[in-house]
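> Pasting model05.cif below, which is mmCIF, C-alpha atoms.
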data_work
loop_
_atom_site.label_atom_id
_atom_site.label_comp_id
_atom_site.auth_asym_id
_atom_site.auth_seq_id
_atom_site.Cartn_x
_atom_site.Cartn_y
_atom_site.Cartn_z
CA MET A 149 241.09 -43.55 -132.79
CA GLY A 150 239.58 -45.07 -135.88
CA ASN A 151 241.78 -48.18 -135.88
CA SER A 152 240.77 -49.06 -132.29
CA ILE A 153 244.37 -49.11 -131.04
CA ASN A 154 244.67 -48.21 -127.35
CA ASP A 155 246.89 -45.18 -127.70
CA ASN A 156 246.62 -43.76 -124.19
CA TRP A 157 249.69 -42.28 -122.53
CA ARG A 158 250.78 -41.86 -118.92
CA VAL A 159 252.33 -39.09 -116.87
CA GLY A 160 252.61 -38.70 -113.11
CA GLY A 161 250.41 -41.71 -112.42
CA PHE A 162 247.58 -40.54 -114.71
CA GLU A 163 246.48 -42.44 -117.81
CA LEU A 164 245.26 -40.03 -120.48
CA LYS A 165 243.55 -40.12 -123.84
CA SER A 166 243.95 -36.48 -124.83
CA ARG A 167 247.43 -35.36 -125.84
CA LEU A 168 246.52 -31.67 -125.74
CA ILE A 169 247.14 -29.66 -122.57
CA ILE A 170 245.81 -26.12 -122.51
CA GLY A 171 246.55 -23.13 -120.32
CA THR A 172 244.34 -20.86 -118.24
CA GLY A 173 245.77 -17.43 -118.98
CA LYS A 174 244.87 -14.57 -121.33
CA TYR A 175 241.29 -15.64 -121.92
CA LYS A 176 238.60 -12.95 -121.84
CA SER A 177 236.88 -14.79 -119.02
CA PHE A 178 236.92 -18.03 -117.03
CA GLU A 179 233.79 -19.01 -118.96
CA GLU A 180 235.58 -18.70 -122.31
CA ASN A 181 238.47 -20.70 -120.88
CA ALA A 182 236.07 -23.46 -119.82
CA LEU A 183 234.47 -23.59 -123.27
CA ALA A 184 237.91 -23.80 -124.88
CA ALA A 185 238.93 -26.67 -122.59
CA GLU A 186 235.80 -28.54 -123.57
CA ALA A 187 236.28 -27.89 -127.29
CA ALA A 188 239.91 -29.00 -127.03
CA GLY A 189 238.94 -32.27 -125.39
CA ALA A 190 241.65 -31.54 -122.83
CA GLU A 191 242.04 -33.62 -119.68
CA ILE A 192 244.79 -31.47 -118.15
CA VAL A 193 244.73 -27.69 -117.71
CA THR A 194 247.81 -25.89 -116.49
CA VAL A 195 247.43 -23.06 -113.98
CA ALA A 196 249.86 -20.25 -113.21
CA VAL A 197 249.71 -20.41 -109.42
CA ARG A 198 250.97 -16.84 -109.01
CA ARG A 199 248.45 -15.33 -111.45
CA VAL A 200 245.21 -17.32 -111.55
CA ASN A 201 242.82 -17.35 -108.60
CA VAL A 202 242.00 -20.88 -107.48
CA THR A 203 241.57 -20.35 -103.73
CA ASP A 204 240.23 -16.84 -102.89
CA PRO A 205 236.46 -17.23 -102.31
CA ASN A 206 235.92 -13.46 -102.52
CA GLN A 207 236.95 -13.33 -106.19
CA PRO A 208 235.82 -15.32 -109.25
CA LYS A 209 237.66 -18.66 -109.09
CA LEU A 210 238.82 -20.80 -111.97
CA THR A 211 237.57 -23.87 -110.12
CA ASP A 212 234.00 -22.53 -110.38
CA PHE A 213 234.20 -22.83 -114.17
CA ILE A 214 236.70 -25.64 -114.80
CA ASP A 215 235.77 -28.49 -112.47
CA PRO A 216 238.86 -29.97 -110.73
CA LYS A 217 236.94 -33.25 -110.51
CA LYS A 218 236.67 -33.35 -114.30
CA TYR A 219 240.05 -31.87 -115.25
CA ILE A 220 243.52 -32.55 -113.87
CA TYR A 221 244.97 -29.27 -112.61
CA LEU A 222 248.65 -28.83 -113.41
CA PRO A 223 250.11 -25.99 -111.30
CA ASN A 224 252.96 -24.18 -113.03
CA THR A 225 255.58 -21.67 -111.97
CA ALA A 226 255.05 -19.06 -114.70
CA GLY A 227 256.70 -15.81 -113.70
CA CYS A 228 259.43 -17.42 -111.58
CA PHE A 229 263.00 -16.42 -112.38
CA THR A 230 264.87 -18.36 -109.68
CA ALA A 231 264.78 -21.91 -108.40
CA ASP A 232 263.84 -20.62 -104.94
CA ASP A 233 260.77 -18.77 -106.29
CA ALA A 234 259.66 -21.85 -108.20
CA LEU A 235 260.10 -24.12 -105.18
CA ARG A 236 258.16 -21.76 -102.93
CA THR A 237 255.34 -21.51 -105.48
CA LEU A 238 254.90 -25.25 -105.91
CA ARG A 239 255.13 -25.98 -102.19
CA LEU A 240 252.31 -23.49 -101.64
CA ALA A 241 250.33 -25.11 -104.47
CA ARG A 242 250.65 -28.52 -102.85
CA GLU A 243 249.48 -27.12 -99.52
CA ALA A 244 246.55 -25.29 -101.12
CA GLY A 245 245.28 -27.97 -103.48
CA GLY A 246 247.15 -31.16 -102.69
CA TRP A 247 248.70 -31.15 -106.15
CA LYS A 248 251.60 -33.52 -106.74
CA LEU A 249 251.87 -33.36 -110.54
CA VAL A 250 253.38 -29.97 -111.38
CA LYS A 251 254.96 -28.09 -114.25
CA LEU A 252 258.26 -26.40 -113.52
CA GLU A 253 259.50 -23.41 -115.45
CA VAL A 254 262.30 -21.13 -114.30
CA LEU A 255 262.76 -18.24 -116.71
CA ALA A 256 266.02 -16.53 -117.59
CA ASP A 257 264.78 -13.07 -118.64
CA GLN A 258 261.64 -11.08 -119.40
CA LYS A 259 262.45 -10.48 -123.07
CA THR A 260 262.78 -14.05 -124.35
CA LEU A 261 261.23 -16.07 -121.49
CA PHE A 262 263.77 -18.76 -122.29
CA PRO A 263 264.35 -21.24 -119.48
CA ASP A 264 267.31 -20.79 -117.16
CA MET A 265 268.48 -24.36 -117.38
CA MET A 266 270.92 -24.29 -114.45
CA GLU A 267 268.19 -23.03 -112.10
CA THR A 268 265.68 -25.42 -113.69
CA LEU A 269 267.95 -28.41 -113.12
CA GLU A 270 268.56 -27.43 -109.49
CA ALA A 271 264.82 -27.02 -108.82
CA THR A 272 264.00 -30.32 -110.55
CA LYS A 273 266.34 -32.26 -108.28
CA ILE A 274 264.85 -30.72 -105.12
CA LEU A 275 261.22 -31.16 -106.20
CA VAL A 276 261.79 -34.82 -107.08
CA LYS A 277 263.33 -35.42 -103.65
CA GLU A 278 260.26 -33.79 -102.08
CA GLY A 279 257.95 -36.22 -103.85
CA PHE A 280 256.62 -34.09 -106.69
CA ASP A 281 255.99 -35.48 -110.18
CA VAL A 282 257.69 -32.79 -112.24
CA MET A 283 256.99 -31.93 -115.86
CA VAL A 284 259.82 -29.61 -116.89
CA TYR A 285 259.79 -26.74 -119.40
CA CYS A 286 263.26 -26.71 -120.93
CA SER A 287 265.36 -25.58 -123.86
CA ASP A 288 265.47 -27.73 -127.00
CA ASP A 289 269.00 -28.83 -126.09
CA PRO A 290 269.20 -32.66 -126.07
CA VAL A 291 272.10 -32.59 -123.57
CA PHE A 292 270.16 -30.58 -120.98
CA ALA A 293 267.02 -32.59 -121.69
CA ARG A 294 268.93 -35.73 -120.73
CA LYS A 295 270.19 -34.08 -117.53
CA ILE A 296 266.62 -33.10 -116.62
CA GLU A 297 265.42 -36.65 -117.19
CA ASP A 298 268.31 -38.08 -115.18
CA ALA A 299 267.32 -35.72 -112.35
CA GLY A 300 263.95 -37.48 -112.18
CA ALA A 301 261.56 -35.41 -114.31
CA CYS A 302 258.40 -37.30 -115.28
CA ALA A 303 258.10 -35.40 -118.58
CA ILE A 304 260.39 -33.30 -120.77
CA MET A 305 258.83 -30.18 -122.30
CA PRO A 306 261.15 -28.47 -124.80
CA LEU A 307 260.05 -25.17 -126.28
CA GLY A 308 259.15 -25.07 -129.95
CA ALA A 309 259.72 -21.30 -130.07
CA PRO A 310 259.59 -18.47 -127.49
CA ILE A 311 256.52 -18.45 -125.23
CA GLY A 312 253.60 -16.64 -126.83
CA SER A 313 255.42 -16.08 -130.14
CA GLY A 314 253.29 -18.33 -132.34
CA LEU A 315 256.31 -19.03 -134.54
CA GLY A 316 255.88 -22.79 -134.60
CA ILE A 317 258.58 -25.40 -134.11
CA GLN A 318 261.90 -23.83 -135.08
CA ASN A 319 264.27 -26.74 -134.49
CA ARG A 320 262.70 -30.02 -135.54
CA ILE A 321 266.04 -31.83 -135.49
CA ASN A 322 266.65 -31.16 -131.78
CA ILE A 323 263.06 -32.01 -130.84
CA ARG A 324 263.41 -35.32 -132.68
CA LEU A 325 266.75 -36.06 -130.96
CA ILE A 326 265.16 -35.42 -127.57
CA ILE A 327 262.28 -37.77 -128.39
CA GLU A 328 264.63 -40.55 -129.51
CA GLN A 329 266.75 -40.42 -126.34
CA SER A 330 263.96 -39.96 -123.77
CA ARG A 331 262.33 -42.68 -121.69
CA VAL A 332 259.66 -40.31 -120.37
CA PRO A 333 256.98 -38.40 -122.30
CA VAL A 334 258.14 -35.47 -124.43
CA LEU A 335 255.72 -32.60 -125.04
CA VAL A 336 256.32 -29.43 -127.03
CA ASP A 337 255.64 -26.51 -124.73
CA ALA A 338 255.53 -22.95 -126.11
CA GLY A 339 255.63 -21.48 -129.58
CA VAL A 340 252.69 -23.20 -131.26
CA GLY A 341 250.64 -20.71 -133.30
CA THR A 342 248.17 -22.70 -135.33
CA ALA A 343 246.91 -26.22 -135.98
CA SER A 344 249.65 -27.18 -138.44
CA ASP A 345 252.29 -26.46 -135.77
CA ALA A 346 250.58 -28.90 -133.40
CA ALA A 347 250.34 -31.54 -136.13
CA ILE A 348 254.07 -31.18 -136.86
CA ALA A 349 254.93 -31.70 -133.20
CA MET A 350 252.92 -34.91 -133.16
CA GLU A 351 254.34 -36.11 -136.49
CA LEU A 352 257.81 -35.77 -134.97
CA GLY A 353 256.74 -38.25 -132.30
CA CYS A 354 255.90 -35.97 -129.38
CA ASP A 355 253.63 -37.46 -126.75
CA GLY A 356 251.65 -34.25 -126.55
CA VAL A 357 251.57 -30.46 -126.86
CA LEU A 358 250.94 -27.76 -124.28
CA MET A 359 249.62 -24.42 -125.51
CA ASN A 360 247.92 -21.31 -124.23
CA THR A 361 248.29 -18.21 -126.42
CA ALA A 362 247.63 -20.08 -129.67
CA ILE A 363 244.08 -20.66 -128.43
CA SER A 364 243.43 -17.71 -126.12
CA ASP A 365 244.65 -15.09 -128.64
CA ALA A 366 242.85 -16.55 -131.65
CA LYS A 367 239.97 -14.47 -133.01
CA ASN A 368 237.69 -17.39 -132.16
CA PRO A 369 239.34 -19.28 -129.27
CA ILE A 370 236.66 -21.97 -129.08
CA LEU A 371 236.97 -22.82 -132.76
CA MET A 372 240.78 -22.79 -132.52
CA ALA A 373 240.63 -25.16 -129.55
CA SER A 374 238.62 -27.57 -131.69
CA ALA A 375 241.10 -27.18 -134.55
CA MET A 376 243.98 -27.98 -132.20
CA LYS A 377 242.20 -31.10 -130.95
CA HIS A 378 241.87 -32.42 -134.49
CA ALA A 379 245.44 -31.43 -135.41
CA ILE A 380 246.82 -33.38 -132.45
CA ILE A 381 244.81 -36.44 -133.43
CA ALA A 382 245.82 -36.18 -137.11
CA GLY A 383 249.49 -35.68 -136.30
CA ARG A 384 249.53 -38.61 -133.90
CA GLU A 385 247.82 -40.94 -136.37
CA ALA A 386 250.24 -39.87 -139.12
CA TYR A 387 253.17 -40.65 -136.82
CA LEU A 388 251.78 -44.08 -135.95
CA ALA A 389 250.98 -44.80 -139.60
CA GLY A 390 254.58 -44.14 -140.68
CA ARG A 391 255.00 -41.62 -143.46
CA MET A 392 256.20 -42.56 -146.93
CA ALA A 393 259.87 -42.10 -147.75
CA LYS A 394 260.87 -38.81 -149.33
CA LYS A 395 262.20 -39.15 -152.88
CA LEU A 396 264.15 -36.85 -155.15
CA TYR A 397 262.20 -37.73 -158.30
CA ALA A 398 258.62 -38.51 -159.19
CA ASP A 399 257.20 -41.98 -158.64
CA PRO A 400 253.94 -42.67 -160.52
CA SER A 401 250.93 -43.58 -158.40
CA SER A 402 249.82 -46.15 -160.98
CA PRO A 403 252.10 -49.00 -162.16
CA LEU A 404 253.58 -48.54 -165.63
CA GLY A 405 253.56 -52.24 -166.53
CA GLY A 406 250.95 -53.35 -169.07
CA LEU A 407 250.31 -49.89 -170.49
CA ILE A 408 248.87 -49.82 -174.02
#
Show me this structure written as structure tokens.

Amino acid sequence: MGNSINDNWRVGGFELKSRLIIGTGKYKSFEENALAAEAAGAEIVTVAVRRVNVTDPNQPKLTDFIDPKKYIYLPNTAGCFTADDALRTLRLAREAGGWKLVKLEVLADQKTLFPDMMETLEATKILVKEGFDVMVYCSDDPVFARKIEDAGACAIMPLGAPIGSGLGIQNRINIRLIIEQSRVPVLVDAGVGTASDAAIAMELGCDGVLMNTAISDAKNPILMASAMKHAIIAGREAYLAGRMAKKLYADPSSPLGGLI
């Protein structure tokens, strides 16, 4: 950052500079995904364990394009609709790759992909007991967000809008309430469509943003990844700077005293 402030953040034992986490789904190729990760300046990439090949040597592997020594892999439970499915998926991920930092999502239905918060809460408690560092995709309900944190989550990840919708942050008030009450990082997860959405999340005080479709489905994913990187930085700096107060009436930029 231009003012030389150390503005790193921490999650699951990692200290990070980048506040942008990107996904590894929907890209035309692993190569395009790798170029997007580089353009985004990302340090964490999240991987749908049930959908993306990271272990089968007979098929193209994500790890051949996105170096696990350079990027932190964040296994996620995309496509899981019960706590049991999510638990099984992450246990297998830990066995396969030794991953401890994970992203939990337990979905309620195919149409909305909203989180099933009762199943999510149950899975969070079990994963924490088993030694995982759990970043949790959740609803934008401050009450459930607090329950998830109390269960031991290392990060709270409320949705901005439905997954893949690109609608942007629909409930800024709830996101802000979650940020104010939380003692762990809060990241908007899902719903971002363009750079201004990412900037808004950061201006609200989020510690970061996770996105996939906003980059992968752009006409130029590499350029959009770069745009998102700059939006995250701008939004964070605006938050740290402290915006001016909103006023009902005009306030002249130049003082009126001493006018001829």
> Check the smallest atom-to-atom distance from each of A:Thr268, A:Ser344, A:Gln318, A:Thr172 to Lys209 in chain A using only C-alpha atoms, then report the winner.
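Looking only at the distances to Lys209 in chain A, the closest residue turns out to be A:Thr172.
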> Which is closer to Glu180 in chain A than all the others in A:Ser330, A:Ser364, A:Thr211, A:Thr342, using only C-alpha atoms?
A:Ser364
> Let me make sure I understand: among A:Leu249, A:Ile214, A:Ala398, A:Met359, which one has the smallest atom-to-atom distance to Glu278 in chain A if we use only C-alpha atoms?
A:Leu249
> Can you work out which one of A:Val254, A:Ile381, A:Ile170, A:Ile304 has the shortest atom-to-atom distance to Ala184 in chain A, counting all atoms listed in the file?
A:Ile170
> List the neighbours of Glu253 in chain A out to 8 Å using only C-alpha atoms; skip same-chain residues closer than 2 positions along the sequence, and give me the result as a PyMOL selection string.
chain A and resi 224-226+228+234+251+255+263+268+284-286
